[in-house]
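Trainee: One file: run.txt (compact mmCIF, C-alpha atoms and all ligand atoms).
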# COMPACT_ATOMS: atom_id res chain seq x y z
CA MET A 190 -20.36 68.13 -56.83
CA PRO A 191 -19.94 71.92 -56.72
CA GLU A 192 -20.10 73.53 -53.31
CA PRO A 193 -23.57 75.02 -52.61
CA PRO A 194 -23.49 78.84 -52.34
CA ARG A 195 -22.98 80.16 -48.79
CA PRO A 196 -24.02 83.83 -49.15
CA ALA A 197 -24.14 84.61 -45.42
CA ALA A 198 -20.60 83.27 -44.93
CA ASP A 199 -19.43 84.97 -48.13
CA ARG A 200 -20.81 88.29 -46.90
CA GLN A 201 -18.44 88.04 -43.93
CA GLN A 202 -15.77 88.59 -46.56
CA LEU A 203 -17.34 92.01 -47.27
CA VAL A 204 -17.22 92.78 -43.54
CA ARG A 205 -13.51 91.86 -43.35
CA GLN A 206 -12.77 93.99 -46.42
CA ALA A 207 -14.61 96.97 -44.93
CA ARG A 208 -12.66 96.57 -41.67
CA ARG A 209 -9.41 96.40 -43.64
CA HIS A 210 -10.33 99.77 -45.21
CA GLY A 211 -10.79 101.23 -41.72
CA VAL A 212 -14.55 100.97 -41.16
CA ARG A 213 -15.19 100.63 -37.41
CA ASP A 214 -18.90 101.51 -36.99
CA ARG A 215 -20.53 98.30 -35.75
CA ALA A 216 -23.91 99.15 -37.28
CA VAL A 217 -22.31 99.64 -40.71
CA LEU A 218 -20.39 96.35 -40.47
CA ASP A 219 -23.59 94.54 -39.44
CA ALA A 220 -25.42 96.08 -42.42
CA MET A 221 -22.68 94.77 -44.75
CA ALA A 222 -23.25 91.31 -43.29
CA ARG A 223 -27.01 91.53 -43.87
CA VAL A 224 -27.46 93.01 -47.36
CA PRO A 225 -27.26 90.31 -50.07
CA ARG A 226 -24.90 91.99 -52.60
CA GLU A 227 -25.31 88.96 -54.84
CA GLU A 228 -28.93 90.06 -55.48
CA PHE A 229 -27.81 93.42 -56.94
CA VAL A 230 -25.06 92.13 -59.23
CA PRO A 231 -25.85 91.10 -62.84
CA ARG A 232 -26.03 87.32 -63.16
CA ARG A 233 -22.94 87.18 -65.39
CA CYS A 234 -20.88 88.75 -62.54
CA ALA A 235 -22.39 86.63 -59.74
CA ARG A 236 -19.13 84.83 -58.96
CA HIS A 237 -17.52 88.23 -58.27
CA ALA A 238 -20.31 89.45 -55.96
CA PHE A 239 -18.05 89.27 -52.89
CA ASP A 240 -14.93 90.72 -54.49
CA ASP A 241 -13.88 94.11 -53.15
CA ARG A 242 -14.29 95.98 -56.42
CA PRO A 243 -16.91 97.78 -58.51
CA LEU A 244 -18.70 95.71 -61.16
CA PRO A 245 -20.47 96.76 -64.37
CA ILE A 246 -24.27 97.03 -64.15
CA GLY A 247 -24.96 98.25 -67.71
CA ARG A 248 -25.33 101.69 -69.33
CA GLY A 249 -21.64 102.37 -68.55
CA GLN A 250 -22.38 102.43 -64.79
CA THR A 251 -21.11 100.37 -61.86
CA ILE A 252 -22.19 98.90 -58.55
CA SER A 253 -19.71 100.53 -56.16
CA GLN A 254 -16.87 98.70 -54.44
CA PRO A 255 -18.46 97.30 -51.24
CA ALA A 256 -15.81 98.77 -48.92
CA MET A 257 -16.53 102.20 -50.47
CA VAL A 258 -20.26 101.78 -49.76
CA ALA A 259 -19.35 101.02 -46.13
CA LEU A 260 -16.93 103.96 -45.86
CA MET A 261 -19.52 106.38 -47.26
CA ALA A 262 -22.25 105.06 -44.96
CA GLU A 263 -19.92 105.48 -41.98
CA ALA A 264 -18.98 109.01 -43.10
CA ALA A 265 -22.69 109.92 -43.28
CA ARG A 266 -23.01 109.26 -39.49
CA LEU A 267 -26.50 107.75 -39.61
CA ASP A 268 -28.75 106.71 -36.78
CA PRO A 269 -32.01 104.73 -36.83
CA ASP A 270 -34.07 107.95 -37.02
CA SER A 271 -32.18 109.45 -39.97
CA GLY A 272 -33.78 110.51 -43.22
CA VAL A 273 -31.34 109.98 -46.11
CA LEU A 274 -31.17 111.06 -49.74
CA GLU A 275 -28.93 109.02 -52.04
CA VAL A 276 -28.02 110.46 -55.44
CA GLY A 277 -27.08 107.71 -57.91
CA THR A 278 -29.11 104.56 -57.20
CA GLY A 279 -27.21 102.37 -59.67
CA SER A 280 -27.97 98.77 -58.71
CA GLY A 281 -29.76 99.72 -55.46
CA TYR A 282 -27.12 98.00 -53.27
CA GLY A 283 -25.95 101.21 -51.60
CA ALA A 284 -29.56 102.21 -50.93
CA ALA A 285 -30.14 98.84 -49.22
CA VAL A 286 -27.12 99.37 -46.95
CA LEU A 287 -28.35 102.88 -46.07
CA ALA A 288 -31.86 101.49 -45.46
CA GLU A 289 -30.42 99.08 -42.85
CA LEU A 290 -29.01 102.08 -40.95
CA ALA A 291 -31.66 104.80 -41.31
CA ALA A 292 -35.42 105.25 -40.96
CA ARG A 293 -36.04 106.14 -44.60
CA VAL A 294 -34.09 106.47 -47.81
CA VAL A 295 -35.01 108.34 -50.98
CA THR A 296 -32.69 107.42 -53.85
CA VAL A 297 -32.56 109.22 -57.21
CA GLU A 298 -31.25 107.73 -60.46
CA ARG A 299 -31.10 109.55 -63.80
CA LEU A 300 -31.17 106.37 -65.92
CA GLU A 301 -34.67 104.90 -65.90
CA PRO A 302 -33.74 101.27 -66.74
CA LEU A 303 -31.31 101.14 -63.79
CA ALA A 304 -33.90 102.71 -61.46
CA ARG A 305 -36.50 100.16 -62.56
CA ARG A 306 -34.16 97.21 -61.90
CA ALA A 307 -33.06 98.60 -58.52
CA ARG A 308 -36.66 99.24 -57.47
CA ALA A 309 -37.57 95.62 -58.31
CA ALA A 310 -34.58 94.21 -56.38
CA LEU A 311 -35.28 96.37 -53.31
CA ALA A 312 -38.98 95.41 -53.32
CA ARG A 313 -38.16 91.70 -53.74
CA LEU A 314 -35.89 91.91 -50.67
CA GLY A 315 -38.52 93.74 -48.61
CA TYR A 316 -36.89 97.18 -48.29
CA ALA A 317 -40.14 99.06 -47.65
CA ASN A 318 -38.32 102.16 -46.35
CA VAL A 319 -36.67 102.96 -49.72
CA GLU A 320 -38.23 105.08 -52.45
CA VAL A 321 -36.55 105.00 -55.89
CA VAL A 322 -37.09 108.13 -57.98
CA VAL A 323 -36.05 108.79 -61.60
CA GLY A 324 -34.59 112.24 -62.18
CA ASP A 325 -31.66 114.61 -61.89
CA GLY A 326 -30.36 114.02 -58.37
CA THR A 327 -28.19 117.16 -58.45
CA LEU A 328 -31.45 119.00 -57.77
CA GLY A 329 -32.22 116.72 -54.82
CA ARG A 330 -35.80 115.91 -53.89
CA PRO A 331 -37.17 118.86 -51.88
CA ALA A 332 -40.63 117.30 -51.50
CA THR A 333 -39.30 114.67 -49.05
CA GLY A 334 -36.54 116.76 -47.43
CA PRO A 335 -34.80 118.10 -45.49
CA TYR A 336 -32.38 115.19 -44.97
CA ASP A 337 -30.05 114.32 -42.11
CA ALA A 338 -27.61 112.96 -44.67
CA ILE A 339 -27.15 113.04 -48.44
CA VAL A 340 -24.85 110.48 -50.06
CA VAL A 341 -23.80 111.10 -53.67
CA THR A 342 -22.34 108.10 -55.50
CA ALA A 343 -20.97 109.92 -58.56
CA ALA A 344 -18.28 112.63 -58.76
CA GLY A 345 -19.26 116.26 -59.32
CA PRO A 346 -17.23 119.46 -59.72
CA ALA A 347 -18.58 120.95 -56.45
CA PRO A 348 -21.35 120.35 -53.91
CA PRO A 349 -24.66 121.13 -55.68
CA PRO A 350 -26.25 124.13 -53.90
CA ALA A 351 -29.66 122.40 -54.15
CA LEU A 352 -28.34 119.49 -52.06
CA VAL A 353 -26.75 121.73 -49.42
CA ALA A 354 -30.08 123.57 -49.15
CA GLN A 355 -31.88 120.28 -48.47
CA LEU A 356 -29.72 119.35 -45.44
CA THR A 357 -31.04 119.71 -41.91
CA ASP A 358 -29.00 121.90 -39.57
CA GLY A 359 -26.10 119.57 -38.72
CA GLY A 360 -26.83 117.45 -41.80
CA ARG A 361 -23.98 115.80 -43.76
CA LEU A 362 -23.43 115.71 -47.53
CA VAL A 363 -20.92 112.99 -48.46
CA MET A 364 -19.78 113.14 -52.07
CA PRO A 365 -16.81 112.64 -54.39
CA VAL A 366 -15.55 115.99 -55.74
CA GLU A 367 -13.48 116.10 -58.92
CA ALA A 368 -10.78 118.77 -59.42
CA PRO A 369 -9.96 120.22 -62.87
CA ASP A 370 -6.99 117.79 -63.12
CA HIS A 371 -9.56 114.93 -62.69
CA ARG A 372 -8.33 113.97 -59.21
CA GLN A 373 -11.24 113.01 -56.99
CA ASP A 374 -11.61 113.19 -53.22
CA LEU A 375 -14.45 112.03 -51.01
CA VAL A 376 -15.59 115.12 -49.09
CA ARG A 377 -17.98 115.54 -46.15
CA PHE A 378 -19.83 118.87 -46.06
CA THR A 379 -21.62 119.57 -42.78
CA ARG A 380 -24.30 122.23 -42.63
CA SER A 381 -24.22 124.45 -39.57
CA GLY A 382 -26.83 127.21 -39.63
CA ASP A 383 -26.05 129.22 -42.75
CA GLY A 384 -22.46 127.91 -42.91
CA VAL A 385 -20.97 124.72 -44.34
CA GLY A 386 -17.93 122.86 -42.93
CA THR A 387 -15.70 120.91 -45.32
CA GLU A 388 -13.61 117.80 -44.54
CA VAL A 389 -11.59 116.09 -47.28
CA LEU A 390 -11.59 112.39 -46.38
CA PHE A 391 -9.54 110.42 -48.99
CA GLY A 392 -8.92 109.95 -52.72
CA VAL A 393 -11.54 108.05 -54.74
CA ARG A 394 -12.52 107.18 -58.34
CA PHE A 395 -16.21 107.46 -59.34
CA VAL A 396 -18.29 107.81 -62.53
CA PRO A 397 -19.36 111.41 -63.28
CA LEU A 398 -22.36 113.14 -61.72
CA ILE A 399 -24.27 114.33 -64.79
CA GLY A 400 -26.91 117.00 -64.22
CA GLU A 401 -27.92 120.62 -63.97
CA GLN A 402 -25.70 121.17 -60.87
CA GLY A 403 -23.10 118.56 -61.85
CA PHE A 404 -21.14 117.96 -65.05
CA GLY A 405 -22.62 118.32 -68.54
CA PRO A 406 -23.56 115.16 -70.46
CA GLY A 407 -20.34 115.33 -72.53
CA HIS A 408 -18.05 115.13 -69.48
CA SER A 409 -15.13 112.80 -70.19
CA ARG A 410 -14.73 109.78 -67.99
CA VAL A 411 -11.15 109.21 -66.92
CA PHE A 412 -10.40 105.69 -65.70
N1 LIG B 501 -24.60 103.19 -55.20
C1 LIG B 501 -24.73 102.47 -56.43
C2 LIG B 501 -24.77 100.99 -56.22
O1 LIG B 501 -24.61 100.53 -55.08
O2 LIG B 501 -24.97 100.27 -57.20
C3 LIG B 501 -23.64 102.81 -57.40
C4 LIG B 501 -23.90 104.05 -58.15
S1 LIG B 501 -22.94 104.31 -59.60
C5 LIG B 501 -21.28 104.38 -59.01
C6 LIG B 501 -23.38 106.02 -59.86
C7 LIG B 501 -24.77 106.23 -60.37
O3 LIG B 501 -25.03 107.62 -60.39
C8 LIG B 501 -25.01 105.74 -61.80
O4 LIG B 501 -26.04 104.80 -61.81
C9 LIG B 501 -25.38 107.00 -62.57
O5 LIG B 501 -26.34 106.80 -63.60
C10 LIG B 501 -25.93 107.87 -61.45
N2 LIG B 501 -25.97 109.31 -61.70
C11 LIG B 501 -25.06 110.11 -62.31
N3 LIG B 501 -25.49 111.39 -62.32
C12 LIG B 501 -26.72 111.39 -61.71
C13 LIG B 501 -27.68 112.41 -61.40
N4 LIG B 501 -27.51 113.69 -61.71
N5 LIG B 501 -28.81 112.04 -60.76
C14 LIG B 501 -29.04 110.74 -60.42
N6 LIG B 501 -28.18 109.75 -60.70
C15 LIG B 501 -27.02 110.07 -61.32
Rewrite the structure from the file as structure tokens, please.
Ligand code: SAM

Mentor:
Amino acid sequence: MPEPPRPAADRQQLVRQARRHGVRDRAVLDAMARVPREEFVPRRCARHAFDDRPLPIGRGQTISQPAMVALMAEAARLDPDSGVLEVGTGSGYGAAVLAELAARVVTVERLEPLARRARAALARLGYANVEVVVGDGTLGRPATGPYDAIVVTAAGPAPPPALVAQLTDGGRLVMPVEAPDHRQDLVRFTRSGDGVGTEVLFGVRFVPLIGEQGFGPGHSRVF
């Protein structure tokens, strides 16, 4: 007889992978143990739900590598009172992890079918503190800002000014930035009064951020 699934035990694998990548924040590791990644992965990929790699979710997009979700959540420095904007909902998995760590999460996805699926998964799992919005996330969502943290899950050419403007004083924008030679780095921008501090964290590989303050729709994807 096949072994019955053991999602809670399998999720410990995600915690070990995140630790191996250097994640130390206890709250982030606990969130990785709680969020059922298997519920956000297409059924045909279910057996890979606990692998440490991105998986296709349709429309040429991916659910991010779980360790990357953990690293970005840690870099955002959240606390239970934080208000967070996520740009690039994808499957909704990253939003669920952020929702475990913050008071409220607004997540924006440009592709309506993905947003619809993510909204359904998040509602089914009881994430009442997440709002999924369809639109161009490079413009942010001023109506529900400012935000203590903004996490962008696609790579843009530079931090969108609209997002920087929607940070609280001390707020963090964590996003992959792509150089003209297509190299990408995860960067944390921290707003301080009218200034912005920049920390380059490490090299990454993400799908393009397509929008008014991102790349144009014809931007080539280099994988
Ligand atoms: N965090 C997601 C998850 O856990 O499944 C993974 C997101 S995937 C790597 C990046 C997403 O960003 C894609 O779904 C893509 O459609 C979306 N995206 C790209 N440009 C966008 C924009 N301007 N506004 C909103 N979403 C955008």

Trainee: Given a cut-off of 8 Å, what residues near ligand LIG 501 (chain B) show up using only C-alpha atoms and all ligand atoms, put as a ChimeraX atom specification?

Mentor: /A:229,243,246,248,250-255,258,275-284,297-300,303,323-328,341-343,395-403

Trainee: Between A:Gly359, A:Phe404, A:Ala216, A:His371, which residue has the minimum interatomic distance to Asp383 (chain A), considering all atoms listed in the file?

Mentor: A:Gly359

Trainee: Residues within 7 Å of Tyr336 (chain A), please, as a list in words. Count all atoms listed in the file; anything in the same chain fewer than 2 positions from it doesn't count.

Mentor: Gly272, Val273, Leu274, Gly334, Ala338, Ile339, Gln355, Leu356, Thr357 and Gly360 of chain A

Trainee: Please provide the set of residues having any atom within 12 Å of region 374-377 of chain A, restricted to all atoms listed in the file, with same-chain residues fewer than 4 positions apart removed, written as a PyMOL selection string.

Mentor: chain A and resi 257-258+260-266+338-348+353+359-368+370+385-395

Trainee: Expressed in Å to a single decimal, how great is the separation between CA of Glu289 (chain A) and CA of Asn318 (chain A)?

Mentor: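 These two atoms are separated by 9.2 Å.
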